[in-house]
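Comments concern the structure below.
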Amino acid sequence: MAPLTVLVIGSGGREHALAWKLSQSTLVDKIFVCPGNGGTALEAKTTNVDLSPADFPALVEFAVKNEVSLVLPGPEQPLVDGVEAHFRKVGISVFGPTAQAARMEGSKAFSKAFMDRHDIPTAKFKVFQASEFDQAVEYVRTCGFKVVLKASGLAAGKGVLLPETADEAIAGLKEIMVDSVFGAAGSEVVVEELLVGPEVSVLAFSDGYTIIPMPAAQDHKRIGEGDTGPNTGGMGAYAPAPVATPEVMNRILKEVLQPTITGMRKEGYPFVGLLFTGLMVTEDGPKVLEYNVRFGDPETEALVLLLDPQTDLAAILLACAERRLDAVDVKTREGFGVSVVLASQGYPGSYAKGKEIIVGKLPADVVAFHAGTSVVDGKTSTSGGRVLCVSAYAPTLQGALDAAYEGVTNITFEGKVYRRDIAHRALSAQKEAPTGLTYAQAGVSVDAGNALVETIKPYVRATRRSGADAEIGGFGGVFDLKATGYKDPVLVSGTDGVGTKLRIAMEVGIHDFVGIDLVAMSVNDLLVQGAEPLYFLDYFACSKLDVPTTARVIKGIADGCVQAGCALIGGETAEMPSMYHGDDYDLAGFAVGAVERDQILPQANITPGDVLLGLPSSGLHSNGFSLVRKVVARSGLSYANPCPWDASTTLGRALLEPTRIYIKSVLPAAQAGLLKGMSHITGGGFVENIPRVLPKGMGCFIDASTWDLPPVFRFLMQHGGIEPLEMARTFNNGFGMVLVVAADMEARAIEALQRAGEKNVVRIGEVTAQAGVEMRNMSAWC
């Protein structure tokens, strides 16, 4: 075989990675990259070509003149625009599909119709023309599921909207179909069912007959840790993804990839090139999200490192182009490939260019692939949003990550931005049991336990956050602290229950809120130490497992976790007929949070004269209910009676108002150093709880005239004959959280709290030099 001359079209990290791997081929003599970047020209055998990738006649003229024998288009646009035909006409092989076959990426409407014709698993969908806005709105309102909106054409990776509500979906339809925010790409719109589960990307070589997948990868589209912030072209990837088990990969090959290649060939446009299939691994199995018709970026940068050193990429590409892929051996090596993208500050918005890049010594098995770079006067500078992609290989995922991030630290340029949590979900998954354990661990009815697990999975998944994927069923919950970005964290833990408030819930049959109470009691205790709640586990014990009731309780727990920003990573459900009776159940919860070492509360500098700020409670919260139940019994009312202070609801429902969770409104002020301490007002009221946060020998006064005692507490005083001081050492009396603030920081603290959502912050007292709590103006409560 004559030595190959390869023309790579494109300028990104993907093209650099492909040129890097091709340069190792004994079959390749020369590589041209058009237009290339600051790194491609540094590779052996490789030269950049200053031509427009969109000028097909000029590219063909160059290829003929330089005796190019194989063309490798990187981006999708040239393929969709028909670059393959231009080279085919002059007898030059192309590793890439025809324009007809490239419609699988160029038109989402086309690809969805194809999947429907060939029974390839995908989300339910309907396609609408831009002129069919009213019909699309009606479909969104009546389809019965949450939707995803996709502009059918190419929109630079930005043509997908994920509305939370029907109203948001309708607004999104207007943006695409009426306002044309995606231009011609939105002339058709695909409205499809929102699928739930982990995503994987499978890149597979195909010659139109045979298809050979590489290990499944997972990328990270969002700019920020924990998958936050705007979408990007991709901030990193890793492979193989643990969620793509051998069983899952076998299903993907048999149910998706092979039917796709067979179907395309039968319809007259066989696929030759790299088929990149995005899939969601749902409870019903893998389902296709979309097709792409080229190498992915940044997946390619990780995957080239997984190709066996003896595997010749050029031989694979040529075999596909010549329809003989079954004649070559595509081998990957054991281990993991990781890519971490270094971006310019401001990306994916506007960003500066021309920042000098210094690349130090990189560890073994680490490669820095250039993307948005250029070389001017011998200096390499930034010229794009995604600047470099640092890729690493190691036998273990953690090893590959460590090597990649070590490489990242040895590369400097002004404004360098990157994600520090690449592969955090995979790290958690590695530590879980290989086979799932039902949530009904040690339960009497395994079937009921299994039914409960399936029922609550959507609730649990809603609590996902950085560090945890919120999947249940393993022996233990896993949390990746590194993914949270703390520098010098101290862990804080708390555990609590709901107490006899549960008895009221069981008597009135309202089980939706006690789960919120359970979370609140623990996470608010973490907050007073200055800690951010990270994860939560629950314990549900009963005599006989009633799935609907238990599911409502767990949903409440998940709702509380969402409010607190922590992940529900596990729990225990136990049926114990000999311990409980009838429909009785009990709850316990355990929360763990983290705080930077220098932000732990309370501070040691609390001093007399510091101000006490009260944050309103939502009602009784979860303490004192043994006394509350006795008061209700003495009053002669039942929980089904209208509430004496709110005729719009029942007494039982009013008493079950869930405990406030203060995390989102208070944590920013604590992390900003505006608070000296906090007291969670639980059982023991002001008298017992506030001294717990004060230095030895100090106390405080509380001025009861500074707020109106809420009606629920007046009801208890009136019908229970409870003295004001007893109220003060039993209930929260309207304030579930009390903050200690320096007098000269009071205004700033209040402003920060109000900005975070605390609309009614009340100055209720001060720290004093005398131990104990002095309750002043108690007559205001009478």
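How things are named: the first chain in the structure tokens is A, the next is B, and so on; residues count from 1 in each chain; ligands count from 1 in the order shown.
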
>> With DSSP run on the backbone, what are the strand (DSSP E) residues within region 278-512 of chain A? I'd like them as a VMD selection string.
In response: chain A and resid 278 to 282 285 to 292 336 to 343 358 to 359 366 to 370 373 to 376 379 to 382 386 to 394 411 to 412 489 to 497

Report as a tab-separated table the residues of region 79-181 of chain A within 7 Å of region 279-296 of chain A, each with its shortest atom pair and distance in Å (one decimal), using only C-alpha atoms, ordered by chain and increasing residue number.
residue	atom	partner	partner_atom	distance
A:Ala102	CA	A:Val293	CA	6.0
A:Met104	CA	A:Tyr291	CA	5.9
A:Glu105	CA	A:Asn292	CA	4.8
A:Pro121	CA	A:Lys287	CA	4.9
A:Thr122	CA	A:Lys287	CA	4.6
A:Ala123	CA	A:Lys287	CA	7.0

Limited to all heavy atoms, could you put the picked residues into a file as a PDB file, in the first residue's frame?
ATOM      1  N   ALA A 102     -26.023  12.198   6.363  1.00  0.00           N
ATOM      2  CA  ALA A 102     -25.747  13.201   7.383  1.00  0.00           C
ATOM      3  C   ALA A 102     -27.014  13.886   7.886  1.00  0.00           C
ATOM      4  O   ALA A 102     -26.972  14.610   8.885  1.00  0.00           O
ATOM      5  CB  ALA A 102     -24.769  14.244   6.842  1.00  0.00           C
ATOM      6  N   MET A 104     -29.123  12.528   9.482  1.00  0.00           N
ATOM      7  CA  MET A 104     -29.366  11.969  10.811  1.00  0.00           C
ATOM      8  C   MET A 104     -28.971  12.964  11.901  1.00  0.00           C
ATOM      9  O   MET A 104     -29.526  12.945  12.995  1.00  0.00           O
ATOM     10  CB  MET A 104     -28.595  10.664  10.983  1.00  0.00           C
ATOM     11  CG  MET A 104     -29.046   9.562  10.034  1.00  0.00           C
ATOM     12  SD  MET A 104     -30.737   9.001  10.343  1.00  0.00           S
ATOM     13  CE  MET A 104     -30.442   7.731  11.564  1.00  0.00           C
ATOM     14  N   GLU A 105     -28.015  13.829  11.603  1.00  0.00           N
ATOM     15  CA  GLU A 105     -27.688  14.917  12.525  1.00  0.00           C
ATOM     16  C   GLU A 105     -28.264  16.243  12.055  1.00  0.00           C
ATOM     17  O   GLU A 105     -28.680  17.059  12.871  1.00  0.00           O
ATOM     18  CB  GLU A 105     -26.175  15.061  12.702  1.00  0.00           C
ATOM     19  CG  GLU A 105     -25.788  16.181  13.650  1.00  0.00           C
ATOM     20  CD  GLU A 105     -24.318  16.196  14.033  1.00  0.00           C
ATOM     21  OE1 GLU A 105     -23.560  15.336  13.535  1.00  0.00           O
ATOM     22  OE2 GLU A 105     -23.913  17.061  14.842  1.00  0.00           O
ATOM     23  N   PRO A 121     -35.564   2.364  19.897  1.00  0.00           N
ATOM     24  CA  PRO A 121     -36.117   2.983  21.106  1.00  0.00           C
ATOM     25  C   PRO A 121     -35.701   4.436  21.256  1.00  0.00           C
ATOM     26  O   PRO A 121     -34.523   4.775  21.182  1.00  0.00           O
ATOM     27  CB  PRO A 121     -35.549   2.124  22.239  1.00  0.00           C
ATOM     28  CG  PRO A 121     -34.377   1.394  21.646  1.00  0.00           C
ATOM     29  CD  PRO A 121     -34.695   1.207  20.205  1.00  0.00           C
ATOM     30  N   THR A 122     -36.691   5.288  21.446  1.00  0.00           N
ATOM     31  CA  THR A 122     -36.462   6.718  21.634  1.00  0.00           C
ATOM     32  C   THR A 122     -37.662   7.288  22.372  1.00  0.00           C
ATOM     33  O   THR A 122     -38.642   6.587  22.651  1.00  0.00           O
ATOM     34  CB  THR A 122     -36.258   7.417  20.281  1.00  0.00           C
ATOM     35  OG1 THR A 122     -35.839   8.773  20.508  1.00  0.00           O
ATOM     36  CG2 THR A 122     -37.530   7.430  19.446  1.00  0.00           C
ATOM     37  N   ALA A 123     -37.610   8.559  22.686  1.00  0.00           N
ATOM     38  CA  ALA A 123     -38.713   9.206  23.399  1.00  0.00           C
ATOM     39  C   ALA A 123     -39.906   9.403  22.471  1.00  0.00           C
ATOM     40  O   ALA A 123     -39.763   9.543  21.254  1.00  0.00           O
ATOM     41  CB  ALA A 123     -38.241  10.563  23.929  1.00  0.00           C
TER      42      ALA A 123
END

>> Excluding Leu51 (chain A) and its own-chain neighbours fewer than 2 positions away, which residues fall within 10 Å of it when counting only C-alpha atoms? Please give them as a list in words.
In response: Ile9, Val33, Cys34, Pro35, Gly36, Asn48, Val49, Pro53, Ala54, Asp55, Phe56, Ala58, Leu59 and Phe62 of chain A

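All residues of protein, DNA or RNA that reach within 10 Å of Thr463 (chain A), judged by only C-alpha atoms and not counting those fewer than 2 positions away in the chain, are Pro458, Tyr459, Val460, Arg461, Arg465, Ala468, Asp469, Ala470, Glu471, Tyr535, Phe536, Ile557, Ala558, Asp559, Gly560, Cys561, Val562, Gln563, Ala564, Gly565, Cys566, Ala567, Leu568 and Ile569 of chain A.
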
>> Using only C-alpha atoms, which protein or nucleic acid residues come within 10 Å of Ala130 (chain A)? Drop anything in the same chain fewer than 2 positions from it, and give the result as a list in words.
In response: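 Using only C-alpha atoms, the neighbours found are Val127, Phe128, Glu132, Phe133, Asp134, Ala136, Ala151, Leu173, Lys174, Ile176, Met177, Val178, Ser180, Ala184, Gly186, Ser187, Glu188 and Val189 of chain A.
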
Writer output for current selection, N, CA, C and O atoms, as a PDB file, in the first residue's frame:
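Full text of selection-v6.pdb as output:
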ATOM      1  N   VAL A 127     -43.548  16.177  15.498  1.00  0.00           N
ATOM      2  CA  VAL A 127     -42.836  17.223  14.769  1.00  0.00           C
ATOM      3  C   VAL A 127     -43.838  18.266  14.281  1.00  0.00           C
ATOM      4  O   VAL A 127     -44.917  17.924  13.782  1.00  0.00           O
ATOM      5  N   PHE A 128     -43.458  19.534  14.418  1.00  0.00           N
ATOM      6  CA  PHE A 128     -44.319  20.629  13.970  1.00  0.00           C
ATOM      7  C   PHE A 128     -43.517  21.591  13.102  1.00  0.00           C
ATOM      8  O   PHE A 128     -42.349  21.882  13.389  1.00  0.00           O
ATOM      9  N   GLU A 132     -47.072  25.880  12.519  1.00  0.00           N
ATOM     10  CA  GLU A 132     -48.044  25.114  13.301  1.00  0.00           C
ATOM     11  C   GLU A 132     -47.909  25.394  14.795  1.00  0.00           C
ATOM     12  O   GLU A 132     -47.996  24.500  15.641  1.00  0.00           O
ATOM     13  N   PHE A 133     -47.731  26.663  15.135  1.00  0.00           N
ATOM     14  CA  PHE A 133     -47.518  27.036  16.535  1.00  0.00           C
ATOM     15  C   PHE A 133     -48.701  26.630  17.415  1.00  0.00           C
ATOM     16  O   PHE A 133     -48.522  26.053  18.488  1.00  0.00           O
ATOM     17  N   ASP A 134     -49.912  26.916  16.985  1.00  0.00           N
ATOM     18  CA  ASP A 134     -51.080  26.603  17.807  1.00  0.00           C
ATOM     19  C   ASP A 134     -51.209  25.099  18.050  1.00  0.00           C
ATOM     20  O   ASP A 134     -51.554  24.662  19.154  1.00  0.00           O
ATOM     21  N   ALA A 136     -48.761  22.951  18.100  1.00  0.00           N
ATOM     22  CA  ALA A 136     -47.696  22.560  19.018  1.00  0.00           C
ATOM     23  C   ALA A 136     -48.060  22.904  20.461  1.00  0.00           C
ATOM     24  O   ALA A 136     -47.815  22.120  21.386  1.00  0.00           O
ATOM     25  N   ALA A 151     -34.978  22.396  18.248  1.00  0.00           N
ATOM     26  CA  ALA A 151     -34.940  22.910  16.879  1.00  0.00           C
ATOM     27  C   ALA A 151     -34.398  21.801  15.995  1.00  0.00           C
ATOM     28  O   ALA A 151     -33.383  21.180  16.309  1.00  0.00           O
ATOM     29  N   LEU A 173     -41.664  27.384  22.745  1.00  0.00           N
ATOM     30  CA  LEU A 173     -42.173  27.217  21.383  1.00  0.00           C
ATOM     31  C   LEU A 173     -42.242  28.559  20.665  1.00  0.00           C
ATOM     32  O   LEU A 173     -41.899  28.659  19.483  1.00  0.00           O
ATOM     33  N   LYS A 174     -42.675  29.575  21.402  1.00  0.00           N
ATOM     34  CA  LYS A 174     -42.752  30.909  20.796  1.00  0.00           C
ATOM     35  C   LYS A 174     -41.369  31.400  20.394  1.00  0.00           C
ATOM     36  O   LYS A 174     -41.188  31.971  19.307  1.00  0.00           O
ATOM     37  N   ILE A 176     -38.778  29.635  19.535  1.00  0.00           N
ATOM     38  CA  ILE A 176     -38.253  28.906  18.379  1.00  0.00           C
ATOM     39  C   ILE A 176     -39.073  29.162  17.127  1.00  0.00           C
ATOM     40  O   ILE A 176     -38.533  29.455  16.058  1.00  0.00           O
ATOM     41  N   MET A 177     -40.410  29.064  17.254  1.00  0.00           N
ATOM     42  CA  MET A 177     -41.281  29.045  16.074  1.00  0.00           C
ATOM     43  C   MET A 177     -41.718  30.430  15.619  1.00  0.00           C
ATOM     44  O   MET A 177     -41.960  30.642  14.431  1.00  0.00           O
ATOM     45  N   VAL A 178     -41.837  31.370  16.559  1.00  0.00           N
ATOM     46  CA  VAL A 178     -42.328  32.703  16.213  1.00  0.00           C
ATOM     47  C   VAL A 178     -41.181  33.714  16.169  1.00  0.00           C
ATOM     48  O   VAL A 178     -41.011  34.453  15.205  1.00  0.00           O
ATOM     49  N   SER A 180     -37.985  32.978  16.158  1.00  0.00           N
ATOM     50  CA  SER A 180     -36.883  32.440  15.349  1.00  0.00           C
ATOM     51  C   SER A 180     -35.518  32.667  15.989  1.00  0.00           C
ATOM     52  O   SER A 180     -34.556  33.077  15.326  1.00  0.00           O
ATOM     53  N   ALA A 184     -33.017  29.475  10.896  1.00  0.00           N
ATOM     54  CA  ALA A 184     -33.598  28.440  10.040  1.00  0.00           C
ATOM     55  C   ALA A 184     -33.624  27.080  10.716  1.00  0.00           C
ATOM     56  O   ALA A 184     -34.421  26.209  10.341  1.00  0.00           O
ATOM     57  N   GLY A 186     -34.837  26.370  13.400  1.00  0.00           N
ATOM     58  CA  GLY A 186     -36.121  26.200  14.061  1.00  0.00           C
ATOM     59  C   GLY A 186     -37.314  26.191  13.123  1.00  0.00           C
ATOM     60  O   GLY A 186     -38.455  26.329  13.568  1.00  0.00           O
ATOM     61  N   SER A 187     -37.094  25.991  11.826  1.00  0.00           N
ATOM     62  CA  SER A 187     -38.221  25.934  10.891  1.00  0.00           C
ATOM     63  C   SER A 187     -39.085  24.705  11.130  1.00  0.00           C
ATOM     64  O   SER A 187     -40.254  24.668  10.743  1.00  0.00           O
ATOM     65  N   GLU A 188     -38.475  23.689  11.742  1.00  0.00           N
ATOM     66  CA  GLU A 188     -39.208  22.536  12.250  1.00  0.00           C
ATOM     67  C   GLU A 188     -38.834  22.361  13.717  1.00  0.00           C
ATOM     68  O   GLU A 188     -37.693  22.622  14.112  1.00  0.00           O
ATOM     69  N   VAL A 189     -39.790  21.912  14.520  1.00  0.00           N
ATOM     70  CA  VAL A 189     -39.551  21.720  15.948  1.00  0.00           C
ATOM     71  C   VAL A 189     -39.975  20.310  16.329  1.00  0.00           C
ATOM     72  O   VAL A 189     -41.061  19.855  15.948  1.00  0.00           O
TER      73      VAL A 189
END

> Taking the backbone alone, and naming residues the way the document does, which bits of region 468-614 of chain A are alpha helix (DSSP H) by DSSP, as a ChimeraX atom specification?
Replying inline: /A:501-508,514-527,547-564

>> Set the distance at 8 Å and use only C-alpha atoms: which residues neighbour Val272 (chain A) once local chain neighbours fewer than 2 positions away are removed? I'd like the list as an MDAnalysis selection string.
In response: chainID A and resid 95:98 205:208 270 274 320:321 323

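For the pair CA of Arg748 (chain A) and CA of Gly229 (chain A), the interatomic distance is 27.6 Å.
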
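Coordinates place CA of Asp708 (chain A) at a distance of 29.1 Å from CA of Gly497 (chain A).
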
>> Just the number, please: distance in Å from CA of Gly91 (chain A) to CA of Ile212 (chain A), one decimal.
In response: 25.8 Å

>> Report as a count of residues only all protein, DNA and RNA residues lying within 8 Å of Gly226 (chain A), evaluated on only C-alpha atoms, omitting residues in the same chain fewer than 3 positions from it.
In response: 6

> Which residue out of A:Asp480, A:Glu758, A:Asp402, A:Glu751 has the minimum interatomic distance to Gly614 (chain A) when only C-alpha atoms are used?
Replying inline: A:Glu758

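Counting only C-alpha atoms, the residue from A:Leu615, A:Arg653, A:Gln671, A:Ala166 that sits nearest to Ile750 (chain A) is A:Leu615.
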
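Ranking A:Leu401, A:Gly415, A:Glu572, A:Val741 by their shortest atom-to-atom distance to Gly477 (chain A), with only C-alpha atoms included, puts A:Glu572 first.
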
>> I'd like to know which of A:Val140, A:Val338, A:Leu518, A:Val147 is closest to Tyr539 (chain A), using only C-alpha atoms.
In response: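 Nearest to Tyr539 (chain A): A:Leu518.
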
>> Taking only C-alpha atoms into account, name the residue in A:Met678, A:Val359, A:Ile606, A:Ile120 that is nearest to Gln258 (chain A).
In response: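 Smallest separation from Gln258 (chain A) among the options: A:Ile120.
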
> For Ser622 (chain A), which of A:Gln345, A:Gln129, A:Thr682, A:Thr573 is the closest residue, counting only C-alpha atoms?
Replying inline: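 Distance minimum relative to Ser622 (chain A) lands on A:Thr682.
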